[in-house]
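Novice: Sharing a structure here in structure tokens format.
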Amino acid sequence: MNDRVWPVSLSIVVPVLNEAACLPELMAGLCRQQCIDFELVLSDGGSVDDTVDLARRLSQKALFPCRVVCGPPGRGRQLNAGAHESSGHTLLFLHADSTFDDSKALAMGLAALEKEISASGDECLAGHFTLRFRRRDSGPSPAYYYYEAKACLDRPGCIHGDQGFMLRKSFFEQVGPFDESLGFLEDDRLAAAISRAGRWILLPALLATSARRFEQEGLYARQVLNVLIVALEAAGRNDFLQALPELYRQQRNTGKLRPGSLFRPIHQKLKALPAGERRQFWNSAGKFLARNLWQFFLYLDVRKGFRLGIAPEQLHPRLLAWYDRRLKRLVENPVGCYLGILPARLWFHLQMLRRELPEEQRMC
């Protein structure tokens with residue numbers, strides 16, 4: 001294994017679990033990066049394929065320090081273990097299926113972060129990259145365009161691990177570590193902690209992430225379950241999330257999803273709750289819906305931008321800005337949250353009854 005040690009500006013931490021198919025492209029892409037000294041820490045969570053052996057073979061040929069850390073599974077645990085083993089003063093948490101097309105992407109990203117830290121005199125900020133999905137079908141897709149445009153925003157629920165998290169190690173030690181209680185949501189929880197303690201900036205480079213999970217599970221079904229996951233998170237129902245680990249499967253276990261089969265067990269759990277807790281849950285669901293109404297106005301902006309061929313990162317969401325100025329206070333208040341309870345309950349029950357539809361019918 002390439003265990004050479006020299007001073008590095010950046011430590012890239014990548015959690016891996018049965019990712020042998022992704023490693024060659026990841027390593028080749030990082031070898032193309034220029035004008036920056038960095039190291040790679042691959043944090044394995046118990047792979048049963050060739051991931052660890054392949055990583056060690058590839059690291060021998062790498063142009064940068066690279067080592068493999070092995071430990072128990074769980075992406076939060078793996079990310080924390082990798083961060084602990086890192087030596088750079090700045091960290092980049094990256095997914096194994098993410099790549100940069102620009103050979104100076106890392107250098108530009110780090111320079112932008114350092115410039116912002118220097119200008120503000122404050123290390124309490126983090127950067128994420130502009131997102132692109134790599135898809136088997138590379139034709140125009142309004143659905144993927146929407147999520148790529150949304151990923152450029154600094155709003156709750158917009159920043160996820162597939163965009164890469166770059167921040168000073170000292171700031172990570174302040175807001176971290178990653179949550180280890182679930183096999184998912186660790187990136188969302190750290191993103192929220194960063195927003196509470198500091199702020200996010202959009203880094204000037206594109207990060208291409210595989211759409212393989214969406215393609216294997218179905219984009220519509222995956223997004224329905226993602227809404228359910230973040231709604232349960234907002235309601236503080238970590239017990240529901242822990243009881244249903246199949247809400248977010250390991251990549252090698254993915255397949256076509258049937259959301260209704262997961263909504264029904266949650267419905268049974270809700271019925272078993274005391275009446276007061278059920279009311280609290282639906283009140284939280286109404287608040288969640290009201291606080292996410294802004295996404296409808298972003299969707300209207302996205303439709304126009306998609307028709308005009310505007311790049312997602314160049315979209316100026318004017319209707320969303322109008323919502324923030326004119327409607328936000330009228331919606332995100334106790335009355336608006338209360339009025340959101342009925343549509344939230346209706347949506348939940350419709351998902352239990354929904355039959356599987358062809359993907360193209362859902363996205364039109």
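Residues in the structure tokens are named by chain (A, B, ... in the order shown) and by number from 1 within that chain; ligands are numbered from 1 in the order shown.
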Compile the contact shell of Asp324 in chain A as a list in words: residues with an atom at most 12 Å away, counting only C-alpha atoms, same-chain residues fewer than 3 positions apart removed.
Specialist: Arg155, Arg291, Asn292, Leu293, Trp294, Gln295, Phe297, Leu298, Pro317, Arg318, Leu319, Leu320, Ala321, Leu327, Lys328, Arg329, Leu330, Val331 and Glu332 of chain A
Novice: Let me see the file: selected residues, N, CA and C atoms, as an mmCIF file, in the first residue's frame.
Specialist:
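So the final result, stored in out05.cif, reads:
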data_model
loop_
_atom_site.group_PDB
_atom_site.id
_atom_site.type_symbol
_atom_site.label_atom_id
_atom_site.label_comp_id
_atom_site.auth_asym_id
_atom_site.auth_seq_id
_atom_site.Cartn_x
_atom_site.Cartn_y
_atom_site.Cartn_z
ATOM 1 N N ARG A 155 -30.260 25.934 1.532
ATOM 2 C CA ARG A 155 -31.525 25.878 2.259
ATOM 3 C C ARG A 155 -31.606 24.518 2.949
ATOM 4 N N ARG A 291 -43.220 24.177 5.707
ATOM 5 C CA ARG A 291 -41.853 24.689 5.571
ATOM 6 C C ARG A 291 -41.181 24.238 4.285
ATOM 7 N N ASN A 292 -41.826 23.347 3.562
ATOM 8 C CA ASN A 292 -41.264 22.906 2.282
ATOM 9 C C ASN A 292 -42.098 23.329 1.082
ATOM 10 N N LEU A 293 -43.075 24.204 1.298
ATOM 11 C CA LEU A 293 -43.873 24.690 0.178
ATOM 12 C C LEU A 293 -43.018 25.450 -0.824
ATOM 13 N N TRP A 294 -41.909 26.007 -0.380
ATOM 14 C CA TRP A 294 -41.016 26.745 -1.270
ATOM 15 C C TRP A 294 -40.562 25.882 -2.458
ATOM 16 N N GLN A 295 -40.542 24.548 -2.269
ATOM 17 C CA GLN A 295 -40.068 23.692 -3.343
ATOM 18 C C GLN A 295 -40.998 23.725 -4.556
ATOM 19 N N PHE A 297 -42.403 26.428 -5.731
ATOM 20 C CA PHE A 297 -42.015 27.622 -6.493
ATOM 21 C C PHE A 297 -40.662 27.402 -7.172
ATOM 22 N N LEU A 298 -39.775 26.654 -6.515
ATOM 23 C CA LEU A 298 -38.529 26.273 -7.189
ATOM 24 C C LEU A 298 -38.842 25.406 -8.400
ATOM 25 N N PRO A 317 -33.716 31.540 -9.472
ATOM 26 C CA PRO A 317 -35.093 31.184 -9.107
ATOM 27 C C PRO A 317 -35.899 32.406 -8.642
ATOM 28 N N ARG A 318 -36.445 33.132 -9.598
ATOM 29 C CA ARG A 318 -37.155 34.378 -9.288
ATOM 30 C C ARG A 318 -38.458 34.129 -8.539
ATOM 31 N N LEU A 319 -39.192 33.091 -8.929
ATOM 32 C CA LEU A 319 -40.436 32.797 -8.221
ATOM 33 C C LEU A 319 -40.159 32.352 -6.790
ATOM 34 N N LEU A 320 -39.072 31.629 -6.590
ATOM 35 C CA LEU A 320 -38.693 31.242 -5.238
ATOM 36 C C LEU A 320 -38.357 32.479 -4.406
ATOM 37 N N ALA A 321 -37.651 33.424 -5.003
ATOM 38 C CA ALA A 321 -37.341 34.672 -4.301
ATOM 39 C C ALA A 321 -38.620 35.431 -3.968
ATOM 40 N N LEU A 327 -44.716 35.346 0.522
ATOM 41 C CA LEU A 327 -45.592 34.302 1.045
ATOM 42 C C LEU A 327 -45.034 33.555 2.252
ATOM 43 N N LYS A 328 -43.734 33.546 2.414
ATOM 44 C CA LYS A 328 -43.135 32.711 3.439
ATOM 45 C C LYS A 328 -43.741 32.972 4.814
ATOM 46 N N ARG A 329 -43.893 34.241 5.189
ATOM 47 C CA ARG A 329 -44.435 34.554 6.516
ATOM 48 C C ARG A 329 -45.889 34.142 6.657
ATOM 49 N N LEU A 330 -46.609 34.101 5.523
ATOM 50 C CA LEU A 330 -48.018 33.709 5.571
ATOM 51 C C LEU A 330 -48.196 32.196 5.664
ATOM 52 N N VAL A 331 -47.158 31.461 5.253
ATOM 53 C CA VAL A 331 -47.247 30.003 5.225
ATOM 54 C C VAL A 331 -46.557 29.374 6.425
ATOM 55 N N GLU A 332 -45.350 29.831 6.712
ATOM 56 C CA GLU A 332 -44.560 29.210 7.772
ATOM 57 C C GLU A 332 -44.869 29.860 9.113
#
Novice: List the spatial neighbours of Leu190 in chain A as a list in words - criterion: any atom at most 9 Å away, only C-alpha atoms, same-chain residues fewer than 2 positions off excluded.
Specialist: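 These residues fall inside the cut-off: Phe172, Val175, Gly176, Pro177, Phe178, Asp179, Leu185, Glu186, Asp187, Asp188, Ala192, Ala193, Ile194 and Ser195 of chain A.
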Novice: Just N, CA and C atoms for this one: save the residues we selected as a PDB file, in the first residue's frame.
Specialist:
ATOM      1  N   PHE A 172     -14.811  20.646  11.611  1.00  0.00           N
ATOM      2  CA  PHE A 172     -15.455  19.338  11.702  1.00  0.00           C
ATOM      3  C   PHE A 172     -15.433  18.828  13.135  1.00  0.00           C
ATOM      4  N   VAL A 175     -18.317  20.623  14.933  1.00  0.00           N
ATOM      5  CA  VAL A 175     -19.718  20.306  14.610  1.00  0.00           C
ATOM      6  C   VAL A 175     -19.982  18.806  14.527  1.00  0.00           C
ATOM      7  N   GLY A 176     -18.922  18.012  14.383  1.00  0.00           N
ATOM      8  CA  GLY A 176     -19.074  16.572  14.237  1.00  0.00           C
ATOM      9  C   GLY A 176     -19.066  15.882  15.583  1.00  0.00           C
ATOM     10  N   PRO A 177     -18.863  14.574  15.550  1.00  0.00           N
ATOM     11  CA  PRO A 177     -18.618  13.743  14.373  1.00  0.00           C
ATOM     12  C   PRO A 177     -19.912  13.415  13.638  1.00  0.00           C
ATOM     13  N   PHE A 178     -19.803  12.591  12.591  1.00  0.00           N
ATOM     14  CA  PHE A 178     -20.989  12.105  11.910  1.00  0.00           C
ATOM     15  C   PHE A 178     -21.805  11.239  12.866  1.00  0.00           C
ATOM     16  N   ASP A 179     -23.108  11.334  12.739  1.00  0.00           N
ATOM     17  CA  ASP A 179     -23.994  10.502  13.540  1.00  0.00           C
ATOM     18  C   ASP A 179     -23.844   9.035  13.122  1.00  0.00           C
ATOM     19  N   LEU A 185     -28.610   9.182   6.695  1.00  0.00           N
ATOM     20  CA  LEU A 185     -28.897  10.500   7.291  1.00  0.00           C
ATOM     21  C   LEU A 185     -27.693  11.132   7.984  1.00  0.00           C
ATOM     22  N   GLU A 186     -26.560  10.438   8.033  1.00  0.00           N
ATOM     23  CA  GLU A 186     -25.411  11.039   8.700  1.00  0.00           C
ATOM     24  C   GLU A 186     -24.949  12.306   7.987  1.00  0.00           C
ATOM     25  N   ASP A 187     -25.074  12.353   6.651  1.00  0.00           N
ATOM     26  CA  ASP A 187     -24.665  13.545   5.914  1.00  0.00           C
ATOM     27  C   ASP A 187     -25.647  14.683   6.134  1.00  0.00           C
ATOM     28  N   ASP A 188     -26.957  14.388   6.140  1.00  0.00           N
ATOM     29  CA  ASP A 188     -27.957  15.422   6.377  1.00  0.00           C
ATOM     30  C   ASP A 188     -27.802  16.030   7.768  1.00  0.00           C
ATOM     31  N   ALA A 192     -26.871  19.924   8.583  1.00  0.00           N
ATOM     32  CA  ALA A 192     -27.696  20.783   9.442  1.00  0.00           C
ATOM     33  C   ALA A 192     -26.864  21.374  10.578  1.00  0.00           C
ATOM     34  N   ALA A 193     -25.960  20.577  11.143  1.00  0.00           N
ATOM     35  CA  ALA A 193     -25.099  21.084  12.218  1.00  0.00           C
ATOM     36  C   ALA A 193     -24.186  22.192  11.715  1.00  0.00           C
ATOM     37  N   ILE A 194     -23.687  22.043  10.490  1.00  0.00           N
ATOM     38  CA  ILE A 194     -22.842  23.088   9.890  1.00  0.00           C
ATOM     39  C   ILE A 194     -23.648  24.360   9.696  1.00  0.00           C
ATOM     40  N   SER A 195     -24.874  24.240   9.231  1.00  0.00           N
ATOM     41  CA  SER A 195     -25.724  25.425   9.027  1.00  0.00           C
ATOM     42  C   SER A 195     -26.009  26.137  10.342  1.00  0.00           C
TER      43      SER A 195
END
Novice: So which one's closest to Leu30 in chain A, A:Ser103, A:Ala151, A:Leu58, A:Asn80? Using only C-alpha atoms, please.
Specialist: A:Ser103
Novice: What is the CA of Asp97 in chain A to CA of Gln33 in chain A distance in Å?
Specialist: 16.4 Å
Novice: Give me, as a Markdown table, the closest atom pair and its distance (Å, one decimal) for every residue of range 97-193 of chain A within a cut-off of 8 Å of range 200-216 of chain A, counting only C-alpha atoms, rows sorted by chain and rising number.
Specialist:
| residue | atom | partner | partner_atom | distance |
| --- | --- | --- | --- | --- |
| A:Asp97 | CA | A:Ser210 | CA | 5.7 |
| A:Ser98 | CA | A:Thr209 | CA | 4.3 |
| A:Thr99 | CA | A:Ala208 | CA | 5.3 |
| A:Phe100 | CA | A:Leu207 | CA | 5.2 |
| A:Asp101 | CA | A:Leu206 | CA | 7.3 |
| A:Asp102 | CA | A:Ala205 | CA | 7.4 |
| A:Ala105 | CA | A:Ala205 | CA | 5.3 |
| A:Met108 | CA | A:Pro204 | CA | 6.5 |
| A:Gly109 | CA | A:Leu203 | CA | 5.2 |
| A:Ala112 | CA | A:Leu203 | CA | 6.4 |
| A:Leu113 | CA | A:Leu203 | CA | 7.4 |
| A:Leu125 | CA | A:Trp200 | CA | 5.6 |
| A:Ala126 | CA | A:Trp200 | CA | 5.0 |
| A:Gly127 | CA | A:Ile201 | CA | 4.7 |
| A:His128 | CA | A:Leu202 | CA | 5.3 |
| A:Phe129 | CA | A:Leu203 | CA | 4.9 |
| A:Thr130 | CA | A:Leu206 | CA | 4.8 |
| A:Leu131 | CA | A:Leu207 | CA | 5.2 |
| A:Arg132 | CA | A:Ala208 | CA | 4.6 |
| A:Phe133 | CA | A:Thr209 | CA | 5.0 |
| A:Arg134 | CA | A:Ser210 | CA | 4.7 |
| A:Arg135 | CA | A:Ala211 | CA | 5.5 |
| A:Cys152 | CA | A:Leu202 | CA | 6.8 |
| A:Asp154 | CA | A:Trp200 | CA | 6.6 |
| A:Asp162 | CA | A:Thr209 | CA | 6.5 |
| A:Gln163 | CA | A:Leu207 | CA | 6.6 |
| A:Gly164 | CA | A:Leu207 | CA | 7.8 |
Novice: List the neighbours of range 81-90 of chain A out to 8 Å using only C-alpha atoms; skip same-chain residues closer than 2 positions along the sequence, and give me the result as a ChimeraX atom specification.
Specialist: /A:7-11,13-15,38-39,41-43,69,71,77-79,92,166-170
Novice: So that I can check the secondary structure, give me every residue of range 46-87 of chain A assigned strand (DSSP E) by backbone DSSP, as a ChimeraX atom specification.
Specialist: /A:66-70
Novice: So how many Å separate CA of Ala290 in chain A and CA of Pro334 in chain A, to one decimal?
Specialist: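 A separation of 9.5 Å between them.
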